[in-house]
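model-v2.cif (mmCIF, C-alpha atoms and all ligand atoms)
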```cif
data_coords
#
loop_
_atom_site.group_PDB
_atom_site.id
_atom_site.type_symbol
_atom_site.label_atom_id
_atom_site.label_comp_id
_atom_site.auth_asym_id
_atom_site.auth_seq_id
_atom_site.Cartn_x
_atom_site.Cartn_y
_atom_site.Cartn_z
ATOM 1 C CA MET A 1 6.770 20.599 -3.568
ATOM 2 C CA ALA A 2 6.464 21.606 0.074
ATOM 3 C CA SER A 3 5.215 25.112 -0.654
ATOM 4 C CA LYS A 4 2.734 23.806 -3.230
ATOM 5 C CA LEU A 5 1.425 21.322 -0.730
ATOM 6 C CA MET A 6 1.137 23.967 1.945
ATOM 7 C CA ALA A 7 -0.685 26.284 -0.454
ATOM 8 C CA VAL A 8 -3.585 23.879 -0.754
ATOM 9 C CA LEU A 9 -3.448 22.723 2.838
ATOM 10 C CA ASP A 10 -4.782 25.874 4.361
ATOM 11 C CA GLY A 11 -7.899 24.675 6.205
ATOM 12 C CA SER A 12 -8.069 22.857 9.519
ATOM 13 C CA GLU A 13 -9.954 20.023 7.835
ATOM 14 C CA GLU A 14 -7.136 19.458 5.359
ATOM 15 C CA PRO A 15 -4.502 16.807 5.977
ATOM 16 C CA SER A 16 -1.285 18.083 7.470
ATOM 17 C CA ASP A 17 1.936 17.954 5.515
ATOM 18 C CA GLN A 18 4.901 16.571 7.408
ATOM 19 C CA GLY A 19 8.356 15.225 6.775
ATOM 20 C CA PHE A 20 9.416 12.090 8.594
ATOM 21 C CA GLU A 21 12.735 10.401 9.147
ATOM 22 C CA PHE A 22 13.480 6.702 9.085
ATOM 23 C CA GLU A 23 16.273 4.173 8.762
ATOM 24 C CA VAL A 24 16.674 1.841 5.802
ATOM 25 C CA VAL A 25 18.454 -1.512 6.190
ATOM 26 C CA ILE A 26 20.343 -3.356 3.409
ATOM 27 C CA VAL A 27 21.360 -7.019 3.759
ATOM 28 C CA ASN A 28 23.704 -9.288 1.784
ATOM 29 C CA GLY A 29 22.842 -12.774 0.531
ATOM 30 C CA LEU A 30 23.643 -14.198 3.973
ATOM 31 C CA GLY A 31 21.015 -11.951 5.537
ATOM 32 C CA GLU A 32 23.743 -9.951 7.311
ATOM 33 C CA THR A 33 23.317 -6.188 7.591
ATOM 34 C CA ALA A 34 25.467 -4.628 4.886
ATOM 35 C CA GLY A 35 24.380 -1.038 5.401
ATOM 36 C CA ARG A 36 22.031 1.363 7.116
ATOM 37 C CA GLN A 37 20.944 4.775 5.851
ATOM 38 C CA ARG A 38 18.989 7.646 7.383
ATOM 39 C CA ARG A 39 16.347 8.874 4.987
ATOM 40 C CA THR A 40 13.485 11.337 4.950
ATOM 41 C CA ALA A 41 10.208 11.457 3.031
ATOM 42 C CA LYS A 42 7.137 13.649 2.964
ATOM 43 C CA GLN A 43 3.737 12.477 4.069
ATOM 44 C CA LEU A 44 0.225 13.812 4.250
ATOM 45 C CA VAL A 45 -1.664 12.906 7.381
ATOM 46 C CA GLU A 46 -5.390 12.529 6.790
ATOM 47 C CA LYS A 47 -7.399 12.922 9.997
ATOM 48 C CA LEU A 48 -10.191 10.371 10.375
ATOM 49 C CA ASP A 49 -12.804 10.140 13.119
ATOM 50 C CA GLY A 50 -11.885 9.147 16.674
ATOM 51 C CA GLY A 51 -8.331 10.524 16.570
ATOM 52 C CA VAL A 52 -7.312 7.952 13.953
ATOM 53 C CA SER A 53 -5.114 9.147 11.101
ATOM 54 C CA LEU A 54 -4.065 7.822 7.707
ATOM 55 C CA GLU A 55 -0.531 8.540 6.523
ATOM 56 C CA MET A 56 0.064 8.937 2.792
ATOM 57 C CA VAL A 57 3.674 9.072 1.579
ATOM 58 C CA VAL A 58 4.706 11.219 -1.403
ATOM 59 C CA ILE A 59 6.234 8.923 -4.047
ATOM 60 C CA PRO A 60 8.368 10.619 -6.736
ATOM 61 C CA GLY A 61 7.720 9.691 -10.368
ATOM 62 C CA GLY A 62 10.241 7.674 -12.365
ATOM 63 C CA THR A 63 10.909 4.820 -14.748
ATOM 64 C CA PHE A 64 11.629 1.267 -13.614
ATOM 65 C CA LEU A 65 11.848 -2.299 -14.866
ATOM 66 C CA MET A 66 8.753 -4.200 -13.781
ATOM 67 C CA GLY A 67 8.806 -7.970 -13.344
ATOM 68 C CA SER A 68 11.632 -10.510 -13.484
ATOM 69 C CA ARG A 69 14.235 -11.410 -16.085
ATOM 70 C CA ALA A 70 13.482 -14.630 -17.983
ATOM 71 C CA GLY A 71 14.631 -17.573 -15.883
ATOM 72 C CA TYR A 72 14.160 -15.703 -12.582
ATOM 73 C CA GLY A 73 10.972 -15.823 -10.558
ATOM 74 C CA TYR A 74 7.737 -17.210 -12.005
ATOM 75 C CA GLU A 75 6.559 -17.021 -15.619
ATOM 76 C CA ASP A 76 3.778 -14.585 -14.760
ATOM 77 C CA GLU A 77 6.480 -12.055 -13.733
ATOM 78 C CA CYS A 78 7.711 -11.910 -17.359
ATOM 79 C CA PRO A 79 8.496 -10.288 -19.693
ATOM 80 C CA ARG A 80 10.337 -7.677 -17.659
ATOM 81 C CA HIS A 81 9.389 -4.326 -19.144
ATOM 82 C CA SER A 82 9.982 -0.623 -18.657
ATOM 83 C CA VAL A 83 7.214 1.407 -17.005
ATOM 84 C CA ARG A 84 7.083 5.142 -16.409
ATOM 85 C CA VAL A 85 5.178 5.975 -13.220
ATOM 86 C CA SER A 86 3.847 9.481 -12.470
ATOM 87 C CA PRO A 87 4.258 10.927 -8.981
ATOM 88 C CA PHE A 88 1.568 9.748 -6.587
ATOM 89 C CA LEU A 89 0.906 9.117 -2.896
ATOM 90 C CA MET A 90 0.832 5.666 -1.327
ATOM 91 C CA GLY A 91 -0.342 4.474 2.077
ATOM 92 C CA LYS A 92 2.635 4.300 4.429
ATOM 93 C CA TYR A 93 1.164 1.083 5.870
ATOM 94 C CA PRO A 94 -1.523 -1.393 4.888
ATOM 95 C CA VAL A 95 -4.955 -0.145 6.029
ATOM 96 C CA THR A 96 -5.355 -0.959 9.729
ATOM 97 C CA GLN A 97 -8.381 -2.218 11.618
ATOM 98 C CA GLU A 98 -8.817 1.133 13.421
ATOM 99 C CA GLN A 99 -8.706 2.991 10.086
ATOM 100 C CA TRP A 100 -11.293 0.612 8.658
ATOM 101 C CA GLU A 101 -13.632 1.183 11.573
ATOM 102 C CA ALA A 102 -13.171 4.988 11.410
ATOM 103 C CA VAL A 103 -14.084 5.079 7.709
ATOM 104 C CA MET A 104 -16.635 2.284 7.373
ATOM 105 C CA GLY A 105 -18.296 2.549 10.794
ATOM 106 C CA TRP A 106 -18.403 -1.214 11.277
ATOM 107 C CA ILE A 107 -16.026 -3.751 12.756
ATOM 108 C CA PRO A 108 -13.444 -4.683 10.161
ATOM 109 C CA PRO A 109 -13.034 -8.205 8.890
ATOM 110 C CA TYR A 110 -10.153 -9.869 10.698
ATOM 111 C CA ARG A 111 -8.469 -13.125 11.475
ATOM 112 C CA CYS A 112 -5.828 -11.546 13.709
ATOM 113 C CA LYS A 113 -7.487 -8.861 15.818
ATOM 114 C CA GLY A 114 -5.681 -5.650 16.757
ATOM 115 C CA THR A 115 -6.358 -1.967 16.136
ATOM 116 C CA ARG A 116 -2.909 -1.362 14.649
ATOM 117 C CA ARG A 117 -2.806 -4.618 12.704
ATOM 118 C CA PRO A 118 -3.794 -4.613 9.053
ATOM 119 C CA VAL A 119 -7.321 -5.532 8.111
ATOM 120 C CA ASP A 120 -7.201 -9.077 6.726
ATOM 121 C CA ARG A 121 -9.944 -11.233 5.203
ATOM 122 C CA VAL A 122 -10.710 -8.271 2.944
ATOM 123 C CA SER A 123 -12.084 -8.862 -0.546
ATOM 124 C CA TRP A 124 -11.213 -6.642 -3.516
ATOM 125 C CA ASP A 125 -14.809 -5.450 -3.509
ATOM 126 C CA ASN A 126 -14.547 -4.491 0.208
ATOM 127 C CA ALA A 127 -11.260 -2.670 -0.428
ATOM 128 C CA ARG A 128 -12.851 -0.665 -3.239
ATOM 129 C CA GLU A 129 -15.792 0.215 -1.019
ATOM 130 C CA PHE A 130 -13.352 1.524 1.590
ATOM 131 C CA CYS A 131 -11.722 3.732 -1.071
ATOM 132 C CA LYS A 132 -15.121 5.024 -2.133
ATOM 133 C CA ARG A 133 -16.206 5.921 1.413
ATOM 134 C CA LEU A 134 -12.860 7.530 2.179
ATOM 135 C CA SER A 135 -13.089 9.591 -1.034
ATOM 136 C CA GLU A 136 -16.622 10.740 -0.254
ATOM 137 C CA ARG A 137 -15.616 11.906 3.156
ATOM 138 C CA THR A 138 -12.383 13.670 2.160
ATOM 139 C CA GLY A 139 -13.138 14.902 -1.371
ATOM 140 C CA ARG A 140 -9.892 13.247 -2.513
ATOM 141 C CA GLY A 141 -9.877 10.355 -4.947
ATOM 142 C CA TYR A 142 -8.538 7.500 -2.841
ATOM 143 C CA ARG A 143 -8.158 4.308 -4.844
ATOM 144 C CA LEU A 144 -6.248 1.048 -4.965
ATOM 145 C CA PRO A 145 -2.768 1.371 -6.507
ATOM 146 C CA SER A 146 -2.200 -0.003 -9.986
ATOM 147 C CA GLU A 147 -0.044 -3.121 -10.030
ATOM 148 C CA ALA A 148 2.762 -1.113 -11.678
ATOM 149 C CA GLU A 149 2.545 1.590 -8.996
ATOM 150 C CA TRP A 150 2.688 -1.092 -6.303
ATOM 151 C CA GLU A 151 5.856 -2.720 -7.668
ATOM 152 C CA TYR A 152 7.493 0.647 -8.373
ATOM 153 C CA ALA A 153 6.702 1.785 -4.832
ATOM 154 C CA CYS A 154 7.940 -1.512 -3.369
ATOM 155 C CA ARG A 155 11.245 -1.569 -5.266
ATOM 156 C CA ALA A 156 11.950 2.102 -4.502
ATOM 157 C CA GLY A 157 14.801 2.065 -7.005
ATOM 158 C CA THR A 158 16.108 -1.410 -6.127
ATOM 159 C CA THR A 159 16.492 -4.183 -8.707
ATOM 160 C CA THR A 160 17.123 -6.936 -6.135
ATOM 161 C CA PRO A 161 14.450 -9.494 -5.150
ATOM 162 C CA PHE A 162 13.616 -7.501 -1.987
ATOM 163 C CA TYR A 163 13.990 -3.843 -1.114
ATOM 164 C CA PHE A 164 16.341 -5.042 1.615
ATOM 165 C CA GLY A 165 18.657 -6.556 -1.037
ATOM 166 C CA GLU A 166 19.362 -10.117 -2.209
ATOM 167 C CA THR A 167 17.302 -11.693 0.559
ATOM 168 C CA VAL A 168 15.240 -10.980 3.659
ATOM 169 C CA THR A 169 15.165 -12.193 7.278
ATOM 170 C CA THR A 170 12.398 -12.455 9.860
ATOM 171 C CA ASP A 171 13.999 -9.507 11.687
ATOM 172 C CA LEU A 172 13.008 -7.451 8.630
ATOM 173 C CA ALA A 173 9.584 -8.803 7.620
ATOM 174 C CA ASN A 174 6.736 -11.085 8.710
ATOM 175 C CA TYR A 175 6.731 -14.338 6.687
ATOM 176 C CA VAL A 176 7.288 -18.059 7.324
ATOM 177 C CA GLY A 177 10.887 -18.132 8.572
ATOM 178 C CA GLU A 178 11.001 -21.928 8.484
ATOM 179 C CA TYR A 179 12.054 -21.381 4.852
ATOM 180 C CA SER A 180 15.122 -19.557 3.564
ATOM 181 C CA TYR A 181 15.302 -17.620 0.309
ATOM 182 C CA ARG A 182 19.095 -17.458 -0.157
ATOM 183 C CA SER A 183 21.868 -18.236 2.336
ATOM 184 C CA GLU A 184 20.342 -16.447 5.311
ATOM 185 C CA PRO A 185 19.660 -18.447 8.478
ATOM 186 C CA LYS A 186 16.139 -19.679 9.043
ATOM 187 C CA GLY A 187 13.990 -17.407 11.208
ATOM 188 C CA ILE A 188 10.715 -17.580 13.083
ATOM 189 C CA TYR A 189 7.163 -18.243 11.944
ATOM 190 C CA ARG A 190 4.846 -15.878 13.830
ATOM 191 C CA HIS A 191 1.552 -17.513 12.732
ATOM 192 C CA GLU A 192 -0.161 -14.098 12.749
ATOM 193 C CA THR A 193 -0.036 -10.560 11.413
ATOM 194 C CA THR A 194 2.145 -7.931 13.086
ATOM 195 C CA GLY A 195 1.217 -4.325 13.901
ATOM 196 C CA VAL A 196 1.978 -2.088 10.937
ATOM 197 C CA GLY A 197 5.372 -0.398 10.922
ATOM 198 C CA SER A 198 7.077 -3.111 13.002
ATOM 199 C CA PHE A 199 9.906 -3.535 10.464
ATOM 200 C CA PRO A 200 12.221 -1.183 8.547
ATOM 201 C CA PRO A 201 10.705 0.612 5.529
ATOM 202 C CA ASN A 202 12.124 1.069 2.044
ATOM 203 C CA VAL A 203 13.851 4.160 0.681
ATOM 204 C CA PHE A 204 10.478 5.795 -0.092
ATOM 205 C CA GLY A 205 9.385 5.340 3.546
ATOM 206 C CA LEU A 206 6.832 2.570 2.907
ATOM 207 C CA TYR A 207 6.457 -0.194 5.511
ATOM 208 C CA ASP A 208 5.242 -3.805 5.336
ATOM 209 C CA MET A 209 5.423 -4.137 1.551
ATOM 210 C CA HIS A 210 7.152 -7.534 1.924
ATOM 211 C CA GLY A 211 5.065 -9.971 3.989
ATOM 212 C CA ASN A 212 2.477 -9.355 6.746
ATOM 213 C CA VAL A 213 -0.603 -9.240 4.433
ATOM 214 C CA TRP A 214 -1.019 -9.584 0.667
ATOM 215 C CA GLU A 215 -2.184 -6.294 -0.816
ATOM 216 C CA TRP A 216 -4.903 -5.888 -3.432
ATOM 217 C CA CYS A 217 -4.124 -3.869 -6.562
ATOM 218 C CA ALA A 218 -6.699 -2.391 -8.917
ATOM 219 C CA ASP A 219 -5.670 -4.440 -11.972
ATOM 220 C CA ALA A 220 -7.413 -7.405 -13.542
ATOM 221 C CA TRP A 221 -5.269 -10.547 -13.539
ATOM 222 C CA ARG A 222 -3.390 -11.554 -16.671
ATOM 223 C CA ALA A 223 -1.037 -14.522 -16.909
ATOM 224 C CA ASN A 224 1.949 -12.431 -18.088
ATOM 225 C CA TYR A 225 2.977 -8.897 -19.073
ATOM 226 C CA VAL A 226 2.642 -9.219 -22.864
ATOM 227 C CA GLY A 227 0.880 -5.989 -23.907
ATOM 228 C CA ALA A 228 1.039 -4.413 -20.407
ATOM 229 C CA PRO A 229 0.667 -0.608 -20.189
ATOM 230 C CA ALA A 230 3.955 1.309 -20.028
ATOM 231 C CA ASP A 231 2.562 4.356 -18.204
ATOM 232 C CA GLY A 232 1.792 2.852 -14.776
ATOM 233 C CA SER A 233 -1.950 2.841 -15.362
ATOM 234 C CA VAL A 234 -4.375 0.141 -14.256
ATOM 235 C CA TRP A 235 -4.619 -2.785 -16.711
ATOM 236 C CA GLU A 236 -8.342 -3.294 -16.898
ATOM 237 C CA SER A 237 -10.430 -6.120 -18.257
ATOM 238 C CA ARG A 238 -14.039 -7.169 -18.273
ATOM 239 C CA ALA A 239 -15.905 -6.889 -14.977
ATOM 240 C CA GLY A 240 -15.697 -9.978 -12.785
ATOM 241 C CA SER A 241 -12.065 -10.736 -13.690
ATOM 242 C CA GLN A 242 -9.780 -12.092 -11.013
ATOM 243 C CA ARG A 243 -7.703 -9.353 -9.400
ATOM 244 C CA VAL A 244 -4.035 -9.005 -8.470
ATOM 245 C CA LEU A 245 -2.476 -9.150 -5.005
ATOM 246 C CA ARG A 246 1.148 -8.277 -4.169
ATOM 247 C CA GLY A 247 3.870 -8.641 -1.571
ATOM 248 C CA GLY A 248 3.156 -11.941 0.195
ATOM 249 C CA GLY A 249 1.960 -12.461 3.755
ATOM 250 C CA TRP A 250 2.736 -13.910 7.183
ATOM 251 C CA HIS A 251 1.697 -17.385 5.986
ATOM 252 C CA ASP A 252 4.067 -17.505 2.965
ATOM 253 C CA PRO A 253 7.712 -18.487 2.454
ATOM 254 C CA PRO A 254 10.092 -15.585 1.657
ATOM 255 C CA GLY A 255 10.193 -16.379 -2.065
ATOM 256 C CA LEU A 256 6.512 -15.402 -2.304
ATOM 257 C CA CYS A 257 7.191 -12.046 -0.646
ATOM 258 C CA ARG A 258 9.555 -10.767 -3.394
ATOM 259 C CA SER A 259 8.907 -7.406 -5.079
ATOM 260 C CA ALA A 260 7.941 -9.074 -8.383
ATOM 261 C CA VAL A 261 5.643 -11.852 -7.092
ATOM 262 C CA ARG A 262 1.992 -11.808 -8.169
ATOM 263 C CA LEU A 263 -1.104 -13.605 -6.889
ATOM 264 C CA LYS A 264 -4.628 -13.721 -8.290
ATOM 265 C CA HIS A 265 -7.987 -14.129 -6.584
ATOM 266 C CA VAL A 266 -11.667 -13.587 -7.292
ATOM 267 C CA PRO A 267 -12.794 -10.068 -6.299
ATOM 268 C CA HIS A 268 -15.640 -11.020 -3.954
ATOM 269 C CA GLU A 269 -13.669 -13.185 -1.508
ATOM 270 C CA GLY A 270 -11.240 -12.157 1.218
ATOM 271 C CA GLU A 271 -8.806 -14.803 2.433
ATOM 272 C CA ASP A 272 -7.198 -14.731 5.886
ATOM 273 C CA PHE A 273 -4.062 -13.067 4.508
ATOM 274 C CA PHE A 274 -5.544 -10.377 2.246
ATOM 275 C CA GLY A 275 -5.309 -6.683 3.021
ATOM 276 C CA PHE A 276 -4.595 -3.568 0.968
ATOM 277 C CA ARG A 277 -3.215 -0.073 1.043
ATOM 278 C CA VAL A 278 -4.603 2.998 -0.670
ATOM 279 C CA ALA A 279 -3.141 5.364 -3.277
ATOM 280 C CA LEU A 280 -3.854 8.938 -4.270
ATOM 281 C CA ALA A 281 -3.033 10.992 -7.358
ATOM 282 C CA SER A 282 -0.403 13.610 -6.604
ATOM 283 C CA PHE A 283 -0.740 17.346 -6.573
ATOM 284 C CA GLU A 284 0.905 17.583 -10.012
ATOM 285 C CA GLN A 285 -1.901 15.558 -11.540
ATOM 286 C CA ASN A 286 -4.585 17.846 -10.120
ATOM 287 C CA PRO A 287 -2.936 21.270 -9.867
ATOM 288 C CA ALA A 288 -6.213 23.158 -9.964
ATOM 289 C CA ARG A 289 -7.989 21.123 -7.358
ATOM 290 C CA GLY A 290 -5.394 20.004 -4.849
ATOM 291 C CA ILE A 291 -4.095 16.649 -3.793
ATOM 292 C CA GLY A 292 -5.979 13.752 -5.269
ATOM 293 C CA ALA A 293 -9.153 15.800 -5.524
ATOM 294 C CA THR A 294 -11.919 14.337 -7.644
ATOM 295 C CA ARG A 295 -14.200 17.308 -7.084
ATOM 296 C CA ALA A 296 -14.014 20.733 -5.547
ATOM 297 C CA ARG A 297 -13.100 20.630 -1.897
ATOM 298 C CA PRO A 298 -16.262 20.554 0.237
ATOM 299 C CA SER A 299 -16.939 23.798 2.073
ATOM 300 C CA ARG A 300 -16.433 23.977 5.825
ATOM 301 C CA ARG A 301 -20.209 23.968 6.215
ATOM 302 C CA THR A 302 -20.653 20.823 4.074
ATOM 303 C CA GLN A 303 -17.883 19.095 6.032
ATOM 304 C CA ARG A 304 -19.504 20.054 9.342
ATOM 305 C CA ILE A 305 -22.887 18.726 8.211
ATOM 306 C CA GLY A 306 -21.212 15.514 6.988
ATOM 307 C CA ARG A 307 -19.540 15.028 10.374
ATOM 308 C CA ILE A 308 -22.807 15.515 12.230
ATOM 309 C CA ALA A 309 -24.620 13.096 9.880
ATOM 310 C CA ARG A 310 -21.927 10.452 10.424
ATOM 311 C CA ARG A 311 -22.157 10.874 14.184
ATOM 312 C CA ILE A 312 -25.929 10.431 14.079
ATOM 313 C CA ARG A 313 -25.591 7.338 11.868
ATOM 314 C CA SER A 314 -23.043 5.835 14.247
ATOM 315 C CA TRP A 315 -25.398 6.389 17.243
ATOM 316 C CA PHE A 316 -28.104 4.413 15.453
ATOM 317 C CA ARG A 317 -25.713 1.566 14.758
ATOM 318 C CA ARG A 318 -24.931 1.106 18.456
HETATM 319 CA CA CA B 1 2.506 -6.637 2.514
#
```
Please render this file's structure as structure tokens.
Amino acid sequence: MASKLMAVLDGSEEPSDQGFEFEVVIVNGLGETAGRQRRTAKQLVEKLDGGVSLEMVVIPGGTFLMGSRAGYGYEDECPRHSVRVSPFLMGKYPVTQEQWEAVMGWIPPYRCKGTRRPVDRVSWDNAREFCKRLSERTGRGYRLPSEAEWEYACRAGTTTPFYFGETVTTDLANYVGEYSYRSEPKGIYRHETTGVGSFPPNVFGLYDMHGNVWEWCADAWRANYVGAPADGSVWESRAGSQRVLRGGGWHDPPGLCRSAVRLKHVPHEGEDFFGFRVALASFEQNPARGIGATRARPSRRTQRIGRIARRIRSWFRR
């Protein structure tokens, strides 16, 4: 994988390919630490304007059980079904306010302001526009993850309610700690978002999947998984359908931050707790064109002209 990545990452305008190391925490039903593991993952670092970067983590393909067993969780999490997910790349963190500004050129929507906090108050339509702009500028097909990709990436091989294990604590995620999920002690309620990467990631190296902000997925909402695709693709519907959000937020009890929990909302509205992260097709899916490419990589000259045009546009906006 590494050599393949390096082979296409030969220009200075290409994202850099780096490994990173992190520590994973597992808790028991009392919320006590039952284990810690050192892990590594690979990431691509996409350079945006103003020294801002976007980290995309390489997620291996695999098969997993999506949803909850009958009698566990909510009805819309059933039936639990097997899904095969192809390798892809997923944002290491939810999209931050500084990333939004670097790509969109305007002040991001926010309730809780902070450059390294996630954008919140983002509608599905806004999130898709971000993906479109980012794709235009990089030549790579950035998109929202499918709902199946999101849950697969969140679980990272776990079958427990959280990637931390049977429960979660407010030392591990940002949610309303005035509620308990299992037998863990109550925690704190922060009343606001936290900077991305403030808590331990999962085995894949993804942060903030549980809590902080809800994250938009590409899929249209359906009330259950009867007839759901088994290949990890986006489950589409007619335009204007409500869309899916995942992972819970800072304003929710822990039970709503589980890996399997789903929320629906109309695509044109962003609530105070709604953010998103981006996904990218892997190298294997586009071997001829490079990582996530939707078209041939722009030439150095085209990229230089694009940068100058963006700079001029940003002067006029001031
Ligand atoms: Ca989240």
Legend entry - Residue nearest A:Arg38 - candidates A:Val278, A:Leu256, A:Val24, A:Val266, atoms counted: all atoms listed in the file: A:Val24
Inset, instruction - Grab the atom CA of A:Glu21 to atom CA of A:Gln43 distance for me, in Å with one decimal place. - result: 10.5 Å
Inset, instruction - Quote the spacing between atom CA of A:Gly114 and atom CA of A:Arg243 in Å to one decimal place. - result: 26.5 Å
Inset, instruction - Could you give me, as JSON, numbers by chain, every polymer residue with an atom at most 6 Å away from an atom of ligand CA 1 (chain B), counting all atoms listed in the file? - result: {"A": [208, 209, 210, 211, 212, 213, 214, 215, 247, 248, 249]}
Inset, instruction - For atom CA of A:Val27 and atom CA of A:Leu172, determine how far apart the two atoms are, in Å to one decimal place. - result: 9.7 Å
Inset, instruction - I need the residue set behind the PyMOL selection byres (((chain A and resi 220) around 7) and not hetatm) for this file; please write it as a PyMOL selection string. - result: chain A and resi 218-219+221-222+235-237+241-244
Proximity check stretch 174-223 of chain A to stretch 59-66 of chain A, 12 Å, nearest pairs one decimal Å, only C-alpha atoms, as a Markdown table:
```
| residue | atom | partner | partner_atom | distance |
| --- | --- | --- | --- | --- |
| A:Asn202 | CA | A:Ile59 | CA | 11.6 |
| A:Val203 | CA | A:Ile59 | CA | 10.2 |
| A:Phe204 | CA | A:Ile59 | CA | 6.6 |
| A:Gly205 | CA | A:Ile59 | CA | 9.0 |
| A:Leu206 | CA | A:Ile59 | CA | 9.4 |
```
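For the choices A:Arg238, A:Lys42, A:Arg111, A:Arg277, the atom-to-atom distance to A:Pro94 is smallest for A:Arg277 when using all atoms listed in the file.
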